[in-house]
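Heads up, structure-v3.cif below (mmCIF, N, CA and C atoms):
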```
data_query
#
loop_
_atom_site.label_atom_id
_atom_site.label_comp_id
_atom_site.auth_asym_id
_atom_site.auth_seq_id
_atom_site.Cartn_x
_atom_site.Cartn_y
_atom_site.Cartn_z
N MET A 13 0.83 -1.18 0.00
CA MET A 13 0.00 0.00 0.00
C MET A 13 0.89 1.25 0.00
N ARG A 14 0.52 2.21 -0.81
CA ARG A 14 1.30 3.45 -0.90
C ARG A 14 0.95 4.40 0.23
N SER A 15 1.94 5.09 0.66
CA SER A 15 1.65 6.12 1.67
C SER A 15 1.21 7.39 0.97
N LYS A 16 0.28 8.06 1.56
CA LYS A 16 -0.21 9.31 0.97
C LYS A 16 0.75 10.44 1.30
N LYS A 17 1.03 11.24 0.29
CA LYS A 17 1.86 12.41 0.52
C LYS A 17 0.98 13.52 1.06
N SER A 18 1.37 14.06 2.17
CA SER A 18 0.56 15.14 2.72
C SER A 18 0.97 16.47 2.09
N LEU A 19 -0.01 17.28 1.84
CA LEU A 19 0.25 18.60 1.28
C LEU A 19 0.76 19.52 2.38
N PRO A 20 1.67 20.42 2.04
CA PRO A 20 2.14 21.35 3.07
C PRO A 20 1.00 22.26 3.53
N LYS A 21 0.97 22.53 4.82
CA LYS A 21 -0.06 23.41 5.36
C LYS A 21 0.22 24.83 4.90
N PRO A 22 -0.82 25.53 4.44
CA PRO A 22 -0.59 26.92 4.02
C PRO A 22 -0.26 27.81 5.21
N GLN A 23 0.57 28.80 4.98
CA GLN A 23 0.91 29.75 6.03
C GLN A 23 -0.16 30.83 6.05
N TYR A 24 -0.55 31.24 7.23
CA TYR A 24 -1.52 32.30 7.39
C TYR A 24 -0.86 33.51 8.02
N TYR A 25 -1.32 34.68 7.60
CA TYR A 25 -0.74 35.94 8.05
C TYR A 25 -1.84 36.87 8.56
N VAL A 26 -1.49 37.68 9.54
CA VAL A 26 -2.36 38.75 10.02
C VAL A 26 -1.81 40.03 9.40
N VAL A 27 -2.71 40.84 8.85
CA VAL A 27 -2.31 42.10 8.21
C VAL A 27 -2.48 43.22 9.23
N MET A 28 -1.38 43.93 9.51
CA MET A 28 -1.41 45.03 10.46
C MET A 28 -1.00 46.31 9.72
N CYS A 29 -1.78 47.37 9.89
CA CYS A 29 -1.42 48.64 9.26
C CYS A 29 -0.57 49.46 10.22
N GLN A 30 -0.04 50.56 9.72
CA GLN A 30 0.90 51.36 10.51
C GLN A 30 0.27 51.96 11.76
N ASP A 31 -1.06 52.03 11.82
CA ASP A 31 -1.74 52.57 13.00
C ASP A 31 -1.89 51.53 14.11
N GLY A 32 -1.41 50.31 13.87
CA GLY A 32 -1.54 49.24 14.86
C GLY A 32 -2.87 48.51 14.76
N LEU A 33 -3.65 48.83 13.74
CA LEU A 33 -4.92 48.16 13.53
C LEU A 33 -4.71 46.89 12.73
N VAL A 34 -5.54 45.88 12.99
CA VAL A 34 -5.45 44.63 12.25
C VAL A 34 -6.68 44.43 11.38
N PHE A 35 -6.49 43.76 10.25
CA PHE A 35 -7.59 43.47 9.35
C PHE A 35 -8.49 42.44 10.00
N SER A 36 -9.81 42.76 10.05
CA SER A 36 -10.75 41.85 10.71
C SER A 36 -11.87 41.39 9.77
N GLY A 37 -11.77 41.70 8.49
CA GLY A 37 -12.77 41.23 7.54
C GLY A 37 -13.21 42.34 6.60
N MET A 38 -14.23 42.02 5.82
CA MET A 38 -14.78 42.99 4.88
C MET A 38 -16.17 43.40 5.36
N GLN A 39 -16.49 44.68 5.17
CA GLN A 39 -17.80 45.18 5.53
C GLN A 39 -18.24 46.15 4.44
N TYR A 40 -19.36 45.83 3.78
CA TYR A 40 -19.88 46.65 2.68
C TYR A 40 -18.84 46.83 1.58
N GLY A 41 -18.06 45.79 1.32
CA GLY A 41 -17.07 45.82 0.24
C GLY A 41 -15.79 46.54 0.57
N GLU A 42 -15.63 46.97 1.80
CA GLU A 42 -14.42 47.68 2.22
C GLU A 42 -13.73 46.91 3.36
N PRO A 43 -12.40 46.99 3.42
CA PRO A 43 -11.70 46.33 4.53
C PRO A 43 -12.09 46.95 5.86
N LYS A 44 -12.26 46.10 6.85
CA LYS A 44 -12.59 46.56 8.20
C LYS A 44 -11.35 46.37 9.08
N TRP A 45 -10.99 47.42 9.80
CA TRP A 45 -9.80 47.40 10.65
C TRP A 45 -10.24 47.48 12.10
N ASP A 46 -9.50 46.82 12.99
CA ASP A 46 -9.90 46.73 14.39
C ASP A 46 -8.68 46.88 15.29
N THR A 47 -8.90 47.43 16.46
CA THR A 47 -7.82 47.54 17.45
C THR A 47 -7.67 46.25 18.25
N ASN A 48 -8.69 45.43 18.27
CA ASN A 48 -8.67 44.19 19.04
C ASN A 48 -8.03 43.08 18.21
N TRP A 49 -6.86 42.64 18.62
CA TRP A 49 -6.13 41.62 17.88
C TRP A 49 -6.85 40.28 17.89
N ASN A 50 -7.75 40.06 18.84
CA ASN A 50 -8.52 38.81 18.86
C ASN A 50 -9.48 38.73 17.68
N ASN A 51 -9.80 39.86 17.07
CA ASN A 51 -10.69 39.89 15.92
C ASN A 51 -9.95 39.80 14.59
N ALA A 52 -8.63 39.71 14.63
CA ALA A 52 -7.84 39.65 13.40
C ALA A 52 -8.21 38.42 12.58
N LYS A 53 -8.30 38.61 11.27
CA LYS A 53 -8.65 37.51 10.37
C LYS A 53 -7.38 37.06 9.64
N PRO A 54 -6.86 35.89 9.98
CA PRO A 54 -5.67 35.39 9.28
C PRO A 54 -5.98 35.06 7.83
N LEU A 55 -5.06 35.41 6.95
CA LEU A 55 -5.23 35.19 5.51
C LEU A 55 -4.03 34.46 4.94
N GLU A 56 -4.28 33.73 3.84
CA GLU A 56 -3.15 33.16 3.11
C GLU A 56 -2.44 34.30 2.39
N LEU A 57 -1.18 34.10 2.08
CA LEU A 57 -0.37 35.14 1.45
C LEU A 57 -1.01 35.66 0.16
N SER A 58 -1.58 34.79 -0.63
CA SER A 58 -2.18 35.20 -1.90
C SER A 58 -3.40 36.11 -1.71
N SER A 59 -3.99 36.09 -0.53
CA SER A 59 -5.18 36.90 -0.26
C SER A 59 -4.86 38.26 0.35
N THR A 60 -3.59 38.57 0.53
CA THR A 60 -3.22 39.83 1.19
C THR A 60 -2.86 40.94 0.22
N GLU A 61 -2.76 40.63 -1.06
CA GLU A 61 -2.27 41.60 -2.05
C GLU A 61 -3.09 42.89 -2.06
N TYR A 62 -4.40 42.79 -2.05
CA TYR A 62 -5.27 43.97 -2.09
C TYR A 62 -5.03 44.88 -0.88
N LEU A 63 -4.92 44.28 0.29
CA LEU A 63 -4.74 45.07 1.52
C LEU A 63 -3.38 45.76 1.54
N LEU A 64 -2.36 45.07 1.07
CA LEU A 64 -1.02 45.65 1.09
C LEU A 64 -0.87 46.78 0.07
N ARG A 65 -1.66 46.74 -0.96
CA ARG A 65 -1.59 47.76 -2.00
C ARG A 65 -2.25 49.06 -1.55
N ASN A 66 -3.27 48.99 -0.72
CA ASN A 66 -4.07 50.16 -0.40
C ASN A 66 -3.70 50.86 0.90
N LYS A 67 -2.91 50.29 1.73
CA LYS A 67 -2.53 50.90 3.00
C LYS A 67 -1.09 50.51 3.30
N LYS A 68 -0.43 51.29 4.11
CA LYS A 68 0.91 50.89 4.55
C LYS A 68 0.74 49.83 5.62
N CYS A 69 0.93 48.59 5.21
CA CYS A 69 0.68 47.45 6.09
C CYS A 69 1.88 46.52 6.11
N GLU A 70 1.87 45.66 7.10
CA GLU A 70 2.87 44.61 7.14
C GLU A 70 2.20 43.31 7.51
N LEU A 71 2.86 42.22 7.16
CA LEU A 71 2.33 40.89 7.44
C LEU A 71 3.03 40.31 8.65
N ILE A 72 2.26 39.66 9.50
CA ILE A 72 2.80 38.97 10.67
C ILE A 72 2.31 37.54 10.59
N LYS A 73 3.22 36.59 10.68
CA LYS A 73 2.82 35.18 10.64
C LYS A 73 1.90 34.91 11.82
N GLN A 74 0.84 34.16 11.55
CA GLN A 74 -0.15 33.87 12.58
C GLN A 74 0.49 33.15 13.76
N GLU A 75 1.40 32.25 13.48
CA GLU A 75 2.03 31.47 14.55
C GLU A 75 2.89 32.34 15.47
N GLU A 76 3.31 33.49 15.02
CA GLU A 76 4.13 34.38 15.84
C GLU A 76 3.32 35.14 16.89
N ILE A 77 2.01 35.23 16.68
CA ILE A 77 1.20 35.99 17.64
C ILE A 77 0.33 35.11 18.52
N LEU A 78 0.44 33.79 18.37
CA LEU A 78 -0.37 32.89 19.21
C LEU A 78 0.27 32.68 20.54
#
```

What do you get writing this file as structure tokens?
Amino acid sequence: MRSKKSLPKPQYYVVMCQDGLVFSGMQYGEPKWDTNWNNAKPLELSSTEYLLRNKKCELIKQEEIL
């Protein structure tokens, strides 16, 4: 019997803007920012492009803030 190759787990990132706010989702088609880090929505790297283009933001690996 063959062993199944497991796919690598995707890395998730929290998007933080220069004001210390974290991305917490979309509301009415616009990004929603929050001061409460518990509300941060982790995203895959490919899903962060729009947010990084529109605000001065940085990515933080989800595992670094747990």

Can you tell me, as a list in words, what residues are no more than 8 Å from range 15-29 of chain A when counting only C-alpha atoms, ignoring any on the same chain fewer than 6 positions away? Phe35, Ala52, Lys53, Pro54, Leu55, Glu56, Leu57, Thr60, Leu63, Lys67, Lys68, Cys69, Glu70, Leu71, Ile72, Lys73 and Gln74 of chain A

Can I get the selection written as an mmCIF file, keeping the file's coordinate frame, with N, CA and C atoms?
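File produced: selection_25.cif:
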```cif
data_model
loop_
_atom_site.group_PDB
_atom_site.id
_atom_site.type_symbol
_atom_site.label_atom_id
_atom_site.label_comp_id
_atom_site.auth_asym_id
_atom_site.auth_seq_id
_atom_site.Cartn_x
_atom_site.Cartn_y
_atom_site.Cartn_z
ATOM 1 N N PHE A 35 -6.490 43.760 10.250
ATOM 2 C CA PHE A 35 -7.590 43.470 9.350
ATOM 3 C C PHE A 35 -8.490 42.440 10.000
ATOM 4 N N ALA A 52 -8.630 39.710 14.630
ATOM 5 C CA ALA A 52 -7.840 39.650 13.400
ATOM 6 C C ALA A 52 -8.210 38.420 12.580
ATOM 7 N N LYS A 53 -8.300 38.610 11.270
ATOM 8 C CA LYS A 53 -8.650 37.510 10.370
ATOM 9 C C LYS A 53 -7.380 37.060 9.640
ATOM 10 N N PRO A 54 -6.860 35.890 9.980
ATOM 11 C CA PRO A 54 -5.670 35.390 9.280
ATOM 12 C C PRO A 54 -5.980 35.060 7.830
ATOM 13 N N LEU A 55 -5.060 35.410 6.950
ATOM 14 C CA LEU A 55 -5.230 35.190 5.510
ATOM 15 C C LEU A 55 -4.030 34.460 4.940
ATOM 16 N N GLU A 56 -4.280 33.730 3.840
ATOM 17 C CA GLU A 56 -3.150 33.160 3.110
ATOM 18 C C GLU A 56 -2.440 34.300 2.390
ATOM 19 N N LEU A 57 -1.180 34.100 2.080
ATOM 20 C CA LEU A 57 -0.370 35.140 1.450
ATOM 21 C C LEU A 57 -1.010 35.660 0.160
ATOM 22 N N THR A 60 -3.590 38.570 0.530
ATOM 23 C CA THR A 60 -3.220 39.830 1.190
ATOM 24 C C THR A 60 -2.860 40.940 0.220
ATOM 25 N N LEU A 63 -4.920 44.280 0.290
ATOM 26 C CA LEU A 63 -4.740 45.070 1.520
ATOM 27 C C LEU A 63 -3.380 45.760 1.540
ATOM 28 N N LYS A 67 -2.910 50.290 1.730
ATOM 29 C CA LYS A 67 -2.530 50.900 3.000
ATOM 30 C C LYS A 67 -1.090 50.510 3.300
ATOM 31 N N LYS A 68 -0.430 51.290 4.110
ATOM 32 C CA LYS A 68 0.910 50.890 4.550
ATOM 33 C C LYS A 68 0.740 49.830 5.620
ATOM 34 N N CYS A 69 0.930 48.590 5.210
ATOM 35 C CA CYS A 69 0.680 47.450 6.090
ATOM 36 C C CYS A 69 1.880 46.520 6.110
ATOM 37 N N GLU A 70 1.870 45.660 7.100
ATOM 38 C CA GLU A 70 2.870 44.610 7.140
ATOM 39 C C GLU A 70 2.200 43.310 7.510
ATOM 40 N N LEU A 71 2.860 42.220 7.160
ATOM 41 C CA LEU A 71 2.330 40.890 7.440
ATOM 42 C C LEU A 71 3.030 40.310 8.650
ATOM 43 N N ILE A 72 2.260 39.660 9.500
ATOM 44 C CA ILE A 72 2.800 38.970 10.670
ATOM 45 C C ILE A 72 2.310 37.540 10.590
ATOM 46 N N LYS A 73 3.220 36.590 10.680
ATOM 47 C CA LYS A 73 2.820 35.180 10.640
ATOM 48 C C LYS A 73 1.900 34.910 11.820
ATOM 49 N N GLN A 74 0.840 34.160 11.550
ATOM 50 C CA GLN A 74 -0.150 33.870 12.580
ATOM 51 C C GLN A 74 0.490 33.150 13.760
#
```

Quick one: pull the distance between CA of Ile77 in chain A and CA of Ser58 in chain A, Å, one decimal. 19.8 Å

If you run DSSP on the backbone, which residues of chain A are strand (DSSP E or B), as an mmCIF file with N, CA and C atoms, in the frame of the given file?
```
data_model
loop_
_atom_site.group_PDB
_atom_site.id
_atom_site.type_symbol
_atom_site.label_atom_id
_atom_site.label_comp_id
_atom_site.auth_asym_id
_atom_site.auth_seq_id
_atom_site.Cartn_x
_atom_site.Cartn_y
_atom_site.Cartn_z
ATOM 1 N N TYR A 24 -0.550 31.240 7.230
ATOM 2 C CA TYR A 24 -1.520 32.300 7.390
ATOM 3 C C TYR A 24 -0.860 33.510 8.020
ATOM 4 N N TYR A 25 -1.320 34.680 7.600
ATOM 5 C CA TYR A 25 -0.740 35.940 8.050
ATOM 6 C C TYR A 25 -1.840 36.870 8.560
ATOM 7 N N VAL A 26 -1.490 37.680 9.540
ATOM 8 C CA VAL A 26 -2.360 38.750 10.020
ATOM 9 C C VAL A 26 -1.810 40.030 9.400
ATOM 10 N N VAL A 27 -2.710 40.840 8.850
ATOM 11 C CA VAL A 27 -2.310 42.100 8.210
ATOM 12 C C VAL A 27 -2.480 43.220 9.230
ATOM 13 N N MET A 28 -1.380 43.930 9.510
ATOM 14 C CA MET A 28 -1.410 45.030 10.460
ATOM 15 C C MET A 28 -1.000 46.310 9.720
ATOM 16 N N CYS A 29 -1.780 47.370 9.890
ATOM 17 C CA CYS A 29 -1.420 48.640 9.260
ATOM 18 C C CYS A 29 -0.570 49.460 10.220
ATOM 19 N N VAL A 34 -5.540 45.880 12.990
ATOM 20 C CA VAL A 34 -5.450 44.630 12.250
ATOM 21 C C VAL A 34 -6.680 44.430 11.380
ATOM 22 N N PHE A 35 -6.490 43.760 10.250
ATOM 23 C CA PHE A 35 -7.590 43.470 9.350
ATOM 24 C C PHE A 35 -8.490 42.440 10.000
ATOM 25 N N SER A 36 -9.810 42.760 10.050
ATOM 26 C CA SER A 36 -10.750 41.850 10.710
ATOM 27 C C SER A 36 -11.870 41.390 9.770
ATOM 28 N N GLY A 37 -11.770 41.700 8.490
ATOM 29 C CA GLY A 37 -12.770 41.230 7.540
ATOM 30 C C GLY A 37 -13.210 42.340 6.600
ATOM 31 N N MET A 38 -14.230 42.020 5.820
ATOM 32 C CA MET A 38 -14.780 42.990 4.880
ATOM 33 C C MET A 38 -16.170 43.400 5.360
ATOM 34 N N GLN A 39 -16.490 44.680 5.170
ATOM 35 C CA GLN A 39 -17.800 45.180 5.530
ATOM 36 C C GLN A 39 -18.240 46.150 4.440
ATOM 37 N N GLU A 42 -15.630 46.970 1.800
ATOM 38 C CA GLU A 42 -14.420 47.680 2.220
ATOM 39 C C GLU A 42 -13.730 46.910 3.360
ATOM 40 N N PRO A 43 -12.400 46.990 3.420
ATOM 41 C CA PRO A 43 -11.700 46.330 4.530
ATOM 42 C C PRO A 43 -12.090 46.950 5.860
ATOM 43 N N LYS A 44 -12.260 46.100 6.850
ATOM 44 C CA LYS A 44 -12.590 46.560 8.200
ATOM 45 C C LYS A 44 -11.350 46.370 9.080
ATOM 46 N N TRP A 45 -10.990 47.420 9.800
ATOM 47 C CA TRP A 45 -9.800 47.400 10.650
ATOM 48 C C TRP A 45 -10.240 47.480 12.100
ATOM 49 N N ASP A 46 -9.500 46.820 12.990
ATOM 50 C CA ASP A 46 -9.900 46.730 14.390
ATOM 51 C C ASP A 46 -8.680 46.880 15.290
ATOM 52 N N LEU A 55 -5.060 35.410 6.950
ATOM 53 C CA LEU A 55 -5.230 35.190 5.510
ATOM 54 C C LEU A 55 -4.030 34.460 4.940
ATOM 55 N N GLU A 56 -4.280 33.730 3.840
ATOM 56 C CA GLU A 56 -3.150 33.160 3.110
ATOM 57 C C GLU A 56 -2.440 34.300 2.390
ATOM 58 N N CYS A 69 0.930 48.590 5.210
ATOM 59 C CA CYS A 69 0.680 47.450 6.090
ATOM 60 C C CYS A 69 1.880 46.520 6.110
ATOM 61 N N GLU A 70 1.870 45.660 7.100
ATOM 62 C CA GLU A 70 2.870 44.610 7.140
ATOM 63 C C GLU A 70 2.200 43.310 7.510
ATOM 64 N N LEU A 71 2.860 42.220 7.160
ATOM 65 C CA LEU A 71 2.330 40.890 7.440
ATOM 66 C C LEU A 71 3.030 40.310 8.650
ATOM 67 N N ILE A 72 2.260 39.660 9.500
ATOM 68 C CA ILE A 72 2.800 38.970 10.670
ATOM 69 C C ILE A 72 2.310 37.540 10.590
ATOM 70 N N LYS A 73 3.220 36.590 10.680
ATOM 71 C CA LYS A 73 2.820 35.180 10.640
ATOM 72 C C LYS A 73 1.900 34.910 11.820
#
```

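What the PyMOL selection byres ((chain A and resi 46) around 7) grabs from this file is Gly32, Leu33, Val34, Phe35, Ser36, Lys44, Trp45, Thr47, Asn48, Trp49 and Asn51 of chain A.
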
Residue list (helix (DSSP H, G or I), DSSP) for chain A, as number ranges by chain: A: 49-51, 57-59, 61-66, 74-77

What does the distance between CA of Arg65 in chain A and CA of Glu42 in chain A come to in Å, to one decimal place? 13.5 Å

What is the CA of Leu64 in chain A to CA of Asn50 in chain A distance in Å?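 Spanning CA of Leu64 in chain A to CA of Asn50 in chain A is a straight-line distance of 20.5 Å.
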